[in-house]
Each structure stands twice: as structure tokens, then as C-alpha cells.
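Text of the file start36.txt, holding compact mmCIF, C-alpha atoms and all ligand atoms:
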# COMPACT_ATOMS: atom_id res chain seq x y z
CA MET A 922 -30.34 -65.61 33.91
CA ALA A 923 -29.27 -69.13 34.97
CA ALA A 924 -31.85 -71.76 34.07
CA THR A 925 -32.56 -72.96 37.60
CA SER A 926 -35.78 -74.80 38.34
CA VAL A 927 -38.18 -74.89 41.24
CA LYS A 928 -40.84 -77.34 42.38
CA SER A 929 -44.37 -76.18 41.63
CA PRO A 930 -47.12 -76.99 44.18
CA ASN A 931 -48.11 -80.04 42.11
CA ARG A 932 -44.44 -81.14 42.37
CA LYS A 933 -43.67 -80.91 38.63
CA GLU A 934 -40.32 -79.27 37.84
CA VAL A 935 -40.76 -75.89 36.12
CA PRO A 936 -37.94 -73.58 35.02
CA SER A 937 -37.73 -70.63 37.40
CA SER A 938 -38.39 -68.23 34.52
CA ALA A 939 -41.79 -69.90 33.97
CA ARG A 940 -42.75 -69.70 37.65
CA ARG A 941 -45.71 -67.49 38.43
CA ILE A 942 -44.59 -64.25 40.05
CA LYS A 943 -46.54 -62.98 43.04
CA PRO A 944 -47.74 -59.37 42.77
CA ALA A 945 -45.36 -58.30 45.53
CA GLU A 946 -42.38 -59.64 43.53
CA ILE A 947 -43.28 -58.06 40.20
CA ALA A 948 -41.44 -54.77 40.71
CA ASP A 949 -38.13 -56.44 41.66
CA GLU A 950 -38.41 -58.93 38.83
CA ALA A 951 -39.09 -56.16 36.27
CA LEU A 952 -36.12 -54.18 37.55
CA ASP A 953 -33.91 -57.24 37.37
CA VAL A 954 -34.93 -58.07 33.79
CA LEU A 955 -34.38 -54.46 32.71
CA ALA A 956 -30.97 -54.41 34.36
CA SER A 957 -29.81 -57.66 32.77
CA THR A 958 -31.12 -57.08 29.23
CA GLN A 959 -28.65 -55.52 26.83
CA VAL A 960 -30.07 -52.69 24.82
CA ILE A 961 -29.55 -51.60 21.22
CA ASP A 962 -29.04 -47.84 21.40
CA ILE A 963 -30.77 -46.99 18.14
CA HIS A 964 -29.75 -43.32 17.82
CA THR A 965 -26.61 -41.68 19.15
CA HIS A 966 -23.99 -39.21 18.01
CA LEU A 967 -21.17 -41.49 19.16
CA TYR A 968 -18.43 -42.83 16.91
CA SER A 969 -16.19 -45.88 16.85
CA PRO A 970 -12.42 -45.37 17.37
CA ALA A 971 -11.83 -45.33 13.59
CA PHE A 972 -13.31 -41.81 13.54
CA GLY A 973 -10.57 -40.45 15.81
CA ARG A 974 -11.26 -37.09 17.38
CA ILE A 975 -14.82 -36.89 15.99
CA GLY A 976 -15.76 -39.29 18.79
CA LEU A 977 -16.22 -37.28 22.00
CA TRP A 978 -15.46 -38.61 25.47
CA GLY A 979 -14.12 -37.52 28.85
CA ILE A 980 -14.97 -34.93 31.47
CA ASP A 981 -14.43 -31.77 29.39
CA GLU A 982 -16.74 -33.04 26.64
CA LEU A 983 -19.31 -34.16 29.21
CA LEU A 984 -19.39 -30.72 30.78
CA THR A 985 -19.54 -28.81 27.52
CA TYR A 986 -22.47 -30.89 26.16
CA HIS A 987 -24.85 -28.39 24.57
CA TYR A 988 -27.65 -29.37 26.97
CA LEU A 989 -25.41 -28.08 29.81
CA GLU A 990 -24.29 -25.01 27.91
CA ALA A 991 -27.91 -23.88 27.65
CA GLU A 992 -28.28 -24.28 31.42
CA PHE A 993 -24.98 -22.52 32.09
CA PHE A 994 -26.17 -19.21 30.63
CA ARG A 995 -29.06 -19.22 33.11
CA SER A 996 -26.72 -19.50 36.10
CA SER A 997 -23.78 -17.36 35.01
CA ASP A 998 -23.23 -13.77 33.93
CA THR A 999 -20.82 -14.90 31.22
CA THR A 1000 -22.19 -13.94 27.82
CA PRO A 1001 -22.21 -16.45 24.98
CA GLU A 1002 -19.65 -14.30 23.14
CA GLU A 1003 -17.30 -14.43 26.12
CA TYR A 1004 -17.91 -18.15 26.55
CA TRP A 1005 -17.07 -19.06 22.93
CA LYS A 1006 -13.71 -17.28 23.28
CA LEU A 1007 -12.68 -19.70 26.07
CA SER A 1008 -10.77 -22.93 25.49
CA LYS A 1009 -12.61 -26.26 25.97
CA ILE A 1010 -10.97 -26.69 29.39
CA GLU A 1011 -11.90 -23.17 30.49
CA ARG A 1012 -15.50 -23.73 29.36
CA ALA A 1013 -15.70 -26.98 31.31
CA ASP A 1014 -14.26 -25.26 34.40
CA ALA A 1015 -16.80 -22.43 34.12
CA ILE A 1016 -19.70 -24.87 33.76
CA TRP A 1017 -18.48 -27.01 36.67
CA LYS A 1018 -18.26 -23.92 38.88
CA ALA A 1019 -21.63 -22.46 37.92
CA LEU A 1020 -23.75 -25.61 37.75
CA PHE A 1021 -22.03 -28.00 40.16
CA VAL A 1022 -20.21 -25.94 42.79
CA GLU A 1023 -22.36 -22.82 43.14
CA ASN A 1024 -25.66 -24.64 42.49
CA SER A 1025 -27.01 -28.14 43.04
CA PRO A 1026 -26.89 -30.21 39.85
CA VAL A 1027 -30.54 -31.23 39.99
CA SER A 1028 -31.40 -30.90 36.29
CA GLU A 1029 -31.42 -34.08 34.19
CA SER A 1030 -28.23 -33.18 32.29
CA THR A 1031 -26.23 -32.04 35.31
CA ARG A 1032 -27.33 -35.04 37.39
CA GLY A 1033 -26.05 -37.18 34.52
CA VAL A 1034 -22.51 -35.88 34.97
CA ILE A 1035 -22.69 -36.77 38.67
CA ALA A 1036 -23.84 -40.29 37.78
CA VAL A 1037 -20.93 -40.73 35.37
CA LEU A 1038 -18.34 -39.48 37.87
CA SER A 1039 -19.79 -41.75 40.50
CA ALA A 1040 -19.77 -44.77 38.12
CA PHE A 1041 -16.01 -44.35 37.86
CA GLY A 1042 -15.50 -43.66 41.59
CA LEU A 1043 -14.49 -40.04 40.86
CA PRO A 1044 -15.25 -37.18 43.28
CA THR A 1045 -18.62 -35.54 42.73
CA GLU A 1046 -18.07 -32.67 45.19
CA ALA A 1047 -14.61 -31.48 44.16
CA SER A 1048 -13.97 -27.78 43.66
CA GLY A 1049 -11.93 -28.57 40.53
CA LEU A 1050 -11.68 -31.21 37.83
CA GLN A 1051 -8.04 -32.31 38.15
CA GLU A 1052 -8.73 -35.83 39.35
CA ALA A 1053 -11.40 -36.47 36.75
CA ARG A 1054 -9.11 -35.15 34.02
CA ARG A 1055 -6.27 -37.39 35.18
CA PHE A 1056 -8.58 -40.42 35.15
CA PHE A 1057 -9.88 -39.88 31.62
CA ALA A 1058 -6.43 -39.01 30.25
CA ALA A 1059 -5.19 -42.39 31.48
CA GLN A 1060 -7.81 -44.41 29.54
CA SER A 1061 -7.18 -46.00 26.18
CA ILE A 1062 -10.19 -45.48 23.95
CA GLU A 1063 -10.82 -49.10 22.86
CA THR A 1064 -10.81 -50.46 26.41
CA HIS A 1065 -12.72 -47.46 27.70
CA ILE A 1066 -15.48 -47.94 25.10
CA ARG A 1067 -15.82 -51.61 26.07
CA LYS A 1068 -16.05 -50.69 29.74
CA VAL A 1069 -18.55 -47.87 29.23
CA LEU A 1070 -20.85 -50.01 27.07
CA GLN A 1071 -20.65 -52.78 29.61
CA ILE A 1072 -21.54 -50.47 32.52
CA ALA A 1073 -24.39 -48.99 30.46
CA GLY A 1074 -25.73 -52.43 29.48
CA ILE A 1075 -25.53 -51.75 25.74
CA SER A 1076 -24.68 -54.36 23.13
CA ASP A 1077 -24.85 -52.08 20.07
CA VAL A 1078 -24.48 -48.40 19.34
CA VAL A 1079 -26.06 -46.82 16.30
CA MET A 1080 -24.12 -43.77 15.08
CA THR A 1081 -25.26 -40.75 13.03
CA ASN A 1082 -23.18 -40.53 9.85
CA ASP A 1083 -23.29 -37.56 7.55
CA PRO A 1084 -21.76 -38.33 4.14
CA LEU A 1085 -21.39 -34.60 3.47
CA ASP A 1086 -19.42 -33.84 6.61
CA PRO A 1087 -15.84 -33.38 5.39
CA GLU A 1088 -14.18 -34.95 8.45
CA GLU A 1089 -16.44 -37.98 8.39
CA ARG A 1090 -16.25 -38.34 4.67
CA ALA A 1091 -12.48 -38.65 4.90
CA VAL A 1092 -12.84 -41.59 7.29
CA TRP A 1093 -15.35 -43.40 5.07
CA MET A 1094 -13.31 -42.78 1.92
CA GLY A 1095 -10.27 -44.14 3.72
CA GLY A 1096 -11.91 -47.50 4.43
CA GLY A 1097 -14.54 -46.64 7.06
CA GLN A 1098 -15.02 -48.65 10.19
CA ASN A 1099 -15.81 -52.22 11.16
CA HIS A 1100 -16.22 -52.09 14.93
CA PRO A 1101 -18.56 -54.97 15.84
CA GLN A 1102 -20.64 -52.84 18.26
CA PHE A 1103 -20.95 -49.64 16.20
CA HIS A 1104 -23.38 -49.40 13.28
CA ALA A 1105 -23.81 -46.64 10.74
CA VAL A 1106 -26.83 -44.54 9.82
CA LEU A 1107 -27.01 -42.50 6.64
CA ARG A 1108 -28.07 -39.05 7.85
CA LEU A 1109 -29.63 -36.88 5.18
CA ASP A 1110 -30.23 -33.43 6.73
CA ARG A 1111 -27.88 -31.67 4.34
CA ILE A 1112 -29.44 -33.38 1.36
CA LEU A 1113 -33.09 -33.16 2.33
CA TRP A 1114 -33.52 -29.72 3.88
CA GLY A 1115 -30.04 -28.34 3.30
CA TRP A 1116 -30.12 -28.93 -0.47
CA PRO A 1117 -29.69 -25.21 -1.46
CA GLN A 1118 -26.41 -25.05 0.51
CA HIS A 1119 -25.15 -28.56 -0.30
CA TRP A 1120 -26.20 -29.68 -3.78
CA GLN A 1121 -22.94 -28.32 -5.18
CA GLN A 1122 -20.99 -30.72 -3.02
CA LEU A 1123 -22.73 -33.64 -4.74
CA ALA A 1124 -22.10 -31.97 -8.08
CA SER A 1125 -18.40 -31.60 -7.27
CA GLU A 1126 -18.26 -35.32 -6.47
CA GLY A 1127 -19.51 -36.16 -9.96
CA TYR A 1128 -23.28 -36.45 -9.47
CA ALA A 1129 -25.30 -34.63 -12.15
CA VAL A 1130 -27.57 -32.65 -9.83
CA ASP A 1131 -28.81 -29.07 -9.88
CA GLU A 1132 -30.13 -26.52 -7.41
CA HIS A 1133 -33.80 -27.18 -8.25
CA GLY A 1134 -33.58 -30.94 -8.08
CA SER A 1135 -34.53 -31.07 -11.77
CA GLY A 1136 -33.13 -33.00 -14.72
CA LYS A 1137 -31.21 -36.04 -13.59
CA SER A 1138 -31.08 -34.90 -9.95
CA VAL A 1139 -33.47 -37.52 -8.59
CA SER A 1140 -31.75 -40.47 -10.22
CA GLU A 1141 -28.36 -39.03 -9.32
CA VAL A 1142 -29.32 -38.66 -5.65
CA ARG A 1143 -30.39 -42.30 -5.77
CA ARG A 1144 -27.00 -43.22 -7.20
CA PHE A 1145 -25.35 -41.21 -4.41
CA LEU A 1146 -27.41 -43.08 -1.78
CA ALA A 1147 -26.55 -46.44 -3.33
CA ASP A 1148 -22.84 -45.56 -3.32
CA TRP A 1149 -22.99 -44.53 0.34
CA HIS A 1150 -25.00 -47.60 1.20
CA LYS A 1151 -22.16 -49.70 -0.18
CA ARG A 1152 -19.60 -47.68 1.77
CA MET A 1153 -21.37 -47.40 5.13
CA ARG A 1154 -23.71 -50.40 5.29
CA PRO A 1155 -26.16 -48.25 7.27
CA LEU A 1156 -29.01 -49.71 9.31
CA TYR A 1157 -31.38 -46.97 8.22
CA MET A 1158 -31.52 -43.50 6.66
CA ALA A 1159 -32.43 -40.53 8.86
CA VAL A 1160 -33.34 -36.87 8.88
CA SER A 1161 -34.24 -34.29 11.50
CA LEU A 1162 -37.09 -32.04 10.39
CA ALA A 1163 -38.46 -28.70 11.54
CA ASP A 1164 -41.82 -28.29 13.27
CA THR A 1165 -43.04 -26.75 9.99
CA PHE A 1166 -42.43 -29.97 8.02
CA GLN A 1167 -45.28 -30.77 5.64
CA PHE A 1168 -45.90 -33.69 3.32
CA PRO A 1169 -46.84 -33.72 0.49
CA ASP A 1170 -44.98 -30.59 -0.39
CA GLU A 1171 -43.76 -29.00 -3.61
CA SER A 1172 -40.33 -28.09 -2.25
CA VAL A 1173 -37.05 -29.79 -3.21
CA THR A 1174 -37.13 -31.50 0.20
CA GLY A 1175 -40.55 -33.03 -0.52
CA GLN A 1176 -39.52 -34.06 -4.00
CA LEU A 1177 -36.24 -35.66 -2.97
CA LEU A 1178 -37.91 -37.43 -0.07
CA SER A 1179 -40.66 -38.99 -2.16
CA GLU A 1180 -38.82 -39.58 -5.44
CA ALA A 1181 -35.27 -40.36 -4.33
CA VAL A 1182 -34.93 -41.23 -0.64
CA LEU A 1183 -38.03 -43.36 -0.03
CA PRO A 1184 -37.64 -45.39 -3.25
CA SER A 1185 -33.96 -45.97 -2.34
CA CYS A 1186 -34.97 -47.08 1.17
CA ARG A 1187 -37.35 -49.60 -0.40
CA GLU A 1188 -34.81 -50.84 -2.87
CA LEU A 1189 -32.07 -51.18 -0.23
CA GLY A 1190 -34.44 -52.58 2.39
CA LEU A 1191 -33.81 -49.75 4.88
CA PRO A 1192 -36.23 -48.00 7.25
CA MET A 1193 -36.41 -44.20 7.18
CA SER A 1194 -36.13 -42.33 10.46
CA LEU A 1195 -37.89 -38.97 10.80
CA MET A 1196 -37.16 -36.83 13.85
CA ILE A 1197 -39.70 -34.03 13.69
CA GLY A 1198 -40.20 -30.82 15.65
CA VAL A 1199 -37.00 -28.80 15.92
CA ARG A 1200 -37.13 -25.00 15.65
CA ARG A 1201 -33.63 -24.30 14.49
CA GLN A 1202 -31.53 -21.49 15.88
CA VAL A 1203 -34.12 -19.49 17.77
CA ASN A 1204 -31.09 -18.08 19.59
CA PRO A 1205 -28.04 -18.34 17.31
CA ARG A 1206 -25.81 -16.85 20.04
CA LEU A 1207 -25.99 -20.25 21.76
CA ARG A 1208 -24.83 -22.17 18.65
CA LEU A 1209 -25.70 -25.89 19.01
CA ALA A 1210 -27.67 -25.06 22.17
CA GLY A 1211 -29.72 -22.46 20.28
CA ASP A 1212 -32.42 -24.80 18.86
CA ALA A 1213 -35.90 -25.07 20.37
CA VAL A 1214 -39.08 -27.06 19.83
CA GLY A 1215 -42.38 -26.51 18.05
CA LYS A 1216 -45.55 -28.54 17.70
CA ALA A 1217 -45.60 -30.20 14.29
CA ASP A 1218 -48.50 -31.10 12.01
CA LEU A 1219 -48.44 -34.90 12.12
CA ARG A 1220 -50.72 -35.16 9.13
CA ALA A 1221 -47.36 -35.20 7.31
CA VAL A 1222 -46.61 -38.54 9.01
CA GLU A 1223 -50.11 -39.79 8.24
CA ASN A 1224 -49.68 -38.91 4.56
CA LEU A 1225 -46.25 -40.55 4.37
CA CYS A 1226 -47.34 -43.77 6.07
CA ARG A 1227 -50.42 -44.04 3.84
CA SER A 1228 -48.74 -43.06 0.57
CA PHE A 1229 -45.69 -45.29 1.11
CA PRO A 1230 -47.08 -48.50 2.62
CA ASP A 1231 -43.98 -50.42 1.54
CA ASN A 1232 -41.63 -48.10 3.45
CA ARG A 1233 -40.95 -48.54 7.15
CA PHE A 1234 -40.79 -45.32 9.20
CA LEU A 1235 -39.07 -44.85 12.53
CA VAL A 1236 -40.54 -41.66 13.97
CA SER A 1237 -39.65 -39.53 16.99
CA VAL A 1238 -41.41 -36.22 17.60
CA LEU A 1239 -39.92 -33.53 19.80
CA SER A 1240 -42.99 -31.77 21.10
CA ARG A 1241 -44.82 -33.21 24.09
CA GLU A 1242 -48.07 -32.08 22.47
CA ASN A 1243 -47.47 -34.38 19.48
CA GLN A 1244 -46.94 -37.59 21.45
CA HIS A 1245 -50.51 -38.78 21.72
CA GLU A 1246 -51.18 -38.22 18.02
CA LEU A 1247 -48.05 -40.16 17.14
CA ALA A 1248 -49.19 -43.15 19.20
CA VAL A 1249 -52.63 -42.99 17.58
CA TYR A 1250 -51.08 -42.91 14.10
CA ALA A 1251 -49.01 -45.98 15.04
CA ARG A 1252 -52.31 -47.79 15.70
CA LYS A 1253 -53.40 -46.92 12.15
CA PHE A 1254 -50.19 -47.68 10.31
CA ASN A 1255 -48.06 -50.71 11.12
CA ASN A 1256 -45.27 -49.26 8.97
CA LEU A 1257 -44.80 -46.61 11.68
CA MET A 1258 -42.57 -47.32 14.68
CA PRO A 1259 -42.54 -44.57 17.34
CA PHE A 1260 -39.20 -44.34 19.08
CA GLY A 1261 -37.50 -42.54 21.90
CA CYS A 1262 -38.01 -39.47 24.02
CA TRP A 1263 -35.67 -37.05 22.48
CA TRP A 1264 -33.78 -33.93 23.64
CA PHE A 1265 -36.27 -31.71 25.57
CA LEU A 1266 -38.42 -34.78 26.22
CA ASN A 1267 -35.62 -36.71 27.85
CA ASN A 1268 -36.67 -35.88 31.40
CA PRO A 1269 -38.05 -38.55 33.73
CA SER A 1270 -41.45 -36.86 34.17
CA ILE A 1271 -42.03 -36.66 30.41
CA VAL A 1272 -40.46 -40.03 29.60
CA GLU A 1273 -42.78 -41.60 32.13
CA GLU A 1274 -45.89 -39.95 30.73
CA VAL A 1275 -45.01 -40.69 27.09
CA THR A 1276 -44.00 -44.29 27.75
CA ARG A 1277 -47.14 -45.06 29.72
CA GLU A 1278 -49.23 -43.52 26.96
CA ARG A 1279 -47.44 -45.57 24.31
CA MET A 1280 -47.76 -48.81 26.26
CA GLU A 1281 -51.44 -48.25 26.94
CA LEU A 1282 -52.10 -47.60 23.24
CA LEU A 1283 -49.56 -49.88 21.57
CA GLY A 1284 -48.65 -52.67 23.99
CA THR A 1285 -44.97 -53.43 23.46
CA SER A 1286 -44.90 -52.46 19.77
CA PHE A 1287 -42.71 -49.35 20.12
CA ILE A 1288 -39.10 -48.47 20.94
CA PRO A 1289 -39.16 -46.67 24.28
CA GLN A 1290 -35.85 -44.89 24.17
CA HIS A 1291 -32.55 -44.11 22.49
CA SER A 1292 -29.79 -42.21 24.27
CA ASP A 1293 -28.98 -39.48 21.73
CA ALA A 1294 -25.61 -39.46 23.50
CA ARG A 1295 -23.02 -37.11 22.03
CA VAL A 1296 -20.34 -37.96 24.55
CA LEU A 1297 -19.48 -41.60 25.14
CA GLU A 1298 -19.93 -41.79 28.92
CA GLN A 1299 -23.40 -40.22 28.71
CA VAL A 1300 -24.80 -43.65 27.86
CA ILE A 1301 -24.10 -44.65 31.46
CA TYR A 1302 -26.52 -42.17 32.99
CA LYS A 1303 -28.98 -42.07 30.13
CA TRP A 1304 -29.59 -45.83 30.19
CA GLN A 1305 -29.54 -45.94 33.97
CA ASN A 1306 -32.29 -43.32 33.97
CA THR A 1307 -34.27 -45.11 31.27
CA ARG A 1308 -34.23 -48.40 33.18
CA ARG A 1309 -35.15 -46.58 36.37
CA THR A 1310 -38.12 -44.88 34.72
CA LEU A 1311 -39.27 -48.00 32.86
CA ALA A 1312 -39.23 -50.30 35.89
CA PRO A 1313 -42.29 -48.90 37.70
CA ILE A 1314 -44.14 -48.48 34.38
CA LEU A 1315 -43.65 -52.15 33.53
CA ALA A 1316 -44.38 -53.23 37.11
CA ASN A 1317 -47.61 -51.27 37.10
CA ALA A 1318 -48.67 -52.78 33.77
CA TYR A 1319 -48.03 -56.35 35.05
CA GLN A 1320 -49.73 -55.62 38.35
CA LEU A 1321 -52.85 -54.45 36.54
CA LEU A 1322 -52.65 -57.46 34.25
CA HIS A 1323 -52.35 -59.75 37.24
CA ALA A 1324 -55.29 -58.07 38.95
CA ASP A 1325 -57.28 -58.64 35.76
CA GLY A 1326 -56.56 -62.36 35.95
CA ALA A 1327 -53.34 -63.06 33.99
CA GLU A 1328 -50.33 -65.06 35.18
CA ILE A 1329 -47.08 -63.12 35.22
CA THR A 1330 -43.81 -64.99 34.75
CA ARG A 1331 -40.22 -63.88 34.35
CA GLN A 1332 -40.27 -65.44 30.90
CA LYS A 1333 -43.06 -63.10 29.83
CA ILE A 1334 -41.34 -60.03 31.29
CA GLN A 1335 -38.12 -61.04 29.54
CA ARG A 1336 -39.92 -61.52 26.22
CA ASP A 1337 -41.48 -58.06 26.50
CA VAL A 1338 -38.25 -56.29 27.49
CA ASN A 1339 -36.41 -58.03 24.64
CA ARG A 1340 -39.00 -56.69 22.29
CA LEU A 1341 -38.78 -53.13 23.64
CA PHE A 1342 -34.98 -53.02 23.90
CA ARG A 1343 -34.04 -55.01 20.80
CA ALA A 1344 -36.54 -56.96 18.73
CA ASN A 1345 -38.76 -54.09 17.56
CA PHE A 1346 -35.68 -52.48 16.05
CA GLU A 1347 -34.15 -55.65 14.61
CA LYS A 1348 -37.45 -56.62 13.05
CA TRP A 1349 -37.14 -53.50 10.93
CA THR A 1350 -33.43 -53.46 10.23
CA GLY A 1351 -32.78 -57.21 10.20
CA PRO A 1352 -30.62 -58.90 12.84
CA LEU A 1353 -27.51 -56.90 13.77
CA ARG A 1354 -25.50 -60.09 13.93
CA ALA A 1355 -25.80 -63.07 11.63
O1 LIG B 1401 -30.27 -34.11 21.03
C1 LIG B 1401 -29.41 -33.48 20.42
O2 LIG B 1401 -28.22 -33.53 20.73
C2 LIG B 1401 -29.82 -32.55 19.31
O3 LIG B 1401 -28.87 -31.58 19.18
C3 LIG B 1401 -29.95 -33.15 17.94
O4 LIG B 1401 -28.68 -33.47 17.48
C4 LIG B 1401 -30.74 -34.33 17.69
O5 LIG B 1401 -30.42 -35.35 18.55
C5 LIG B 1401 -30.58 -34.78 16.26
O6 LIG B 1401 -30.15 -35.90 16.00
O7 LIG B 1401 -30.88 -33.97 15.38
ZN ZN B 1402 -29.72 -36.94 17.75
Mind converting the file's structure to C-alpha cells?
Amino acid sequence: MAATSVKSPNRKEVPSSARRIKPAEIADEALDVLASTQVIDIHTHLYSPAFGRIGLWGIDELLTYHYLEAEFFRSSDTTPEEYWKLSKIERADAIWKALFVENSPVSESTRGVIAVLSAFGLPTEASGLQEARRFFAAQSIETHIRKVLQIAGISDVVMTNDPLDPEERAVWMGGGQNHPQFHAVLRLDRILWGWPQHWQQLASEGYAVDEHGSGKSVSEVRRFLADWHKRMRPLYMAVSLADTFQFPDESVTGQLLSEAVLPSCRELGLPMSLMIGVRRQVNPRLRLAGDAVGKADLRAVENLCRSFPDNRFLVSVLSRENQHELAVYARKFNNLMPFGCWWFLNNPSIVEEVTRERMELLGTSFIPQHSDARVLEQVIYKWQNTRRTLAPILANAYQLLHADGAEITRQKIQRDVNRLFRANFEKWTGPLRA
């Protein structure tokens, strides 16, 4: 904001950002600060242009997002088997018809598509998708990415990078990426809980590992992580874990986590992100949309934070029932940073409840949201919704603070929003730009 100044009642010049805000102005000021502060989107499934077709964008990808696919089967007689036989375009057409033409798109994910179409001035009531398809086909990806991030108010996008995914691996081995706004994350699902299916891939790449994680496996996994750290320059390492996750635990997952991954994180100065609570493939017929949620035992997080005080943990839990415990654990362990409202939690009613709870227990020492976007343009609606939900929460907090006797200034609101949107993350990863 421009550094204008105003006369205070005692006629001294004060910068406008240091001017006391009246209670009636707090809500507008909070909204304005949220709108003008660029966010670091700390977890997405987006990719920079170097990854080619792995990076999803455009209307057909937006409509076939797995969140929408799950909703489609509730409003259509098409069976999953019939649906998977269709082409991408046919799937998008079927979803548009069932969820947007024959029904009102009032769910969070469907409303998001409307918000994206409207952001680009595209019809939201059309019976078909021709105009939207023409628009997206005419965009060049580099310019389109710049425009989308600018509309969404995002300075930086954090990707999810799986070193064992063959398509991704090829990109990294061929020189990787150096887009200034995209940052890598070393995702370890296949190594940590998918070890039985994937250890041979490490072995075939020359790492002396075995199925049981014995012998040289631990030191070889550490060598693998160091090699990929050099290649990707990730901001953190990450894993998604089932609701049944326990720690400590005798399994290969537990062993690799404590003896390989966490020591490597310490050595390389990286936080470890744990996303806990998925119940995988409760309905495999739905493929990616077939996962559900379960309440986890957060004593695993307690044990990790206590046993590894020199590691920094970013933690997001999927079950609503686990949210309060997570915030309480964050009060006990300052190496624990709660982040985001993920997947089935990413609905305004739940985001509001969880964010209020976190703010009441933790002040501004948490990361309220990440987009989890899988399709580029989703960041437009996801961050619009986040700002919309956060505004009254912040306003309410400042109004209470004012009623209790504090002075509220724009400067203070800006400092707090910077912390929530950027500084809490950068404190753990280091500054994203030198
Ligand atoms: O939110 C999602 O799209 C989920 O399918 C998961 O991918 C989750 O975000 C994850 O990173 O595991
Ligand atoms: Zn994700």
C-alpha cells in the first residue's frame, strides 16, 4: 500500500498504516490487507512448464478433478466403469451436464469451476463447453501461469515431486526446472509406506537396499535423499499417511522415517511435512476419488515432536475430529507447525471452525491454508475462498482485541497476515528468494 500519511488529532504526521482503525473500519481493512498480500501456496500438485503435460490446466482438467468425479457419481446413473471408458472431453461434458446444467453447482468444488469461468469472463450458464475450450486452447502456458498466479494473488507455488514417478524422474534427470515461482518438494510416499512395491526401483538405480530395510538400506536411502536434494533443491520432504499411522513403530516405514528420513532432514536443514488421516481406496472403482478419511491417533505426532526436537514438522490432519488435538500439540511443541485445511476439510464451514480454533489457541503461529490445487486455475477460486473465509475471522479477532483495550492499526494487520501467508513458512524453509 502507498505510504500516505494523515494528521493525527495532536497534529503530528503519522503514516496511514500506523493510524488507529475504528472498529467499524476493521472488517474492510482486514479484507483489503488479505486481498493485497501475496501468498506462498505451500502445497499443491501443480507443475512448472518444464514438466510439460504433467502440469494440468484448462476446462477439461478442471471438470475432471477427482473432487468433482466423486460428486458426479451421486448425480448421474453412469457407472464408474462406463465413465473410465470415456475420453477426457466426454468425461468433462458428462460432468458439466450432470453437475452444472441439470443441478445447481452449490458444492465447494463445483462453485470453484464457476468462479474460474467467471474470472476469465467465460459463460457460466452455457449448455456446452465450446467457448471455454476455445479460450483455454488459445492460451500459451507461460503467460497463462503468470496471469493465473496474479489473479490468485500468489507469489510462489510449492509443487509435489515424486522422485520415483517415471514421468517426473525423466524431467529431473534431464535438467529439472528453474522457474522462479515454482519450488520443489521431495515427496516420499512410495519410499515410506510404499517400500514393498518400490524398493526395487531404488535397487535398480544402484542403491544397495533390500525389501526389509536391512543391511545398508538406511544409509543408502540417505544417499538417495541427498542425491535428490541436489537435483531438486526441495523446500521440504513430505509424506501422506493413513489414519492408522503409528509412531514409534517396528515397520519398515517407521524405521526409514526415524533412521533415514528425519536424520536427512536435519542434515539438509529441511522440514518434514506429514499429512495424516487418509483411508486409501475405500472404493477402488472411483480410482483417485476413491479415498476417504479416518480419525488418526495423534500420539504419533506427539512422539515424533518429542523424540526429534531438532526436526521441524509441518503437519496437516484430514479428520475434523483431530483438529483440536493438533492445535493443542502445537502449544506443546514449537517444532510443530499446523498447516492447511485439506481435501474433505476444504469447505468454508470447516475452514472457518478450524481456523478460529487455531487462532484462539495459537495466535498467528500457524499456516492457515494451502490450495492443494491439481489444476492450475483452481488456485483462483481456492485462494479467493480462503481470503473470503479469513476476513471475518481476522476482523472478529481484532474487534475483540479492540474491545479489550488494544489499538488496531493497518500495520499490525499487515504484520499478522504476512506471518500467516508467508513468514511462518519461510521461517522454517528459509527465505524463498535471496
Ligand atoms: O487433495 C487431494 O487432491 C488428494 O488427492 C491428495 O493428493 C492429497 O492432497 C495429497 O497430497 O496426498
Ligand atoms: Zn495434496
Query - Atom-to-atom span, atom CA of A:Gln1299 and atom C2 of ligand LIG 1401 (chain B), Å - result: 13.7 Å
Query - 7 Å shell around ligand LIG 1401 (chain B) using all atoms listed in the file, listed as a ChimeraX atom specification - result: /A:1161,1209,1263-1264,1293,1295
**Report entry** Contact residues around A:Ile1271 with only C-alpha atoms at 12 Å, ignoring same-chain residues under 3 positions, as a PyMOL selection string
**Finding:** chain A and resi 1029+1239-1242+1244+1261-1268+1274-1278+1307+1310-1311
**Report entry** Residues near stretch 1163-1167 of chain A, cut-off 12 Å, all atoms listed in the file, skip fewer than 5 positions along chain, as an NGL selection string
**Finding:** :A and (1110 or 1113-1115 or 1172 or 1174-1176 or 1178 or 1195-1203 or 1212-1225 or 1238-1240 or 1242-1243)
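Residue nearest A:Val1079 within the list A:Leu1183, A:Ile963, A:Ile1016, A:Ile947: A:Ile963 [criterion: smallest interatomic distance, all atoms listed in the file].
For ligand ZN 1402 (chain B), the protein and nucleic acid residues at most 7 Å away, judged by all atoms listed in the file, amount to His964, Thr965, His966 and Asp1293 of chain A.
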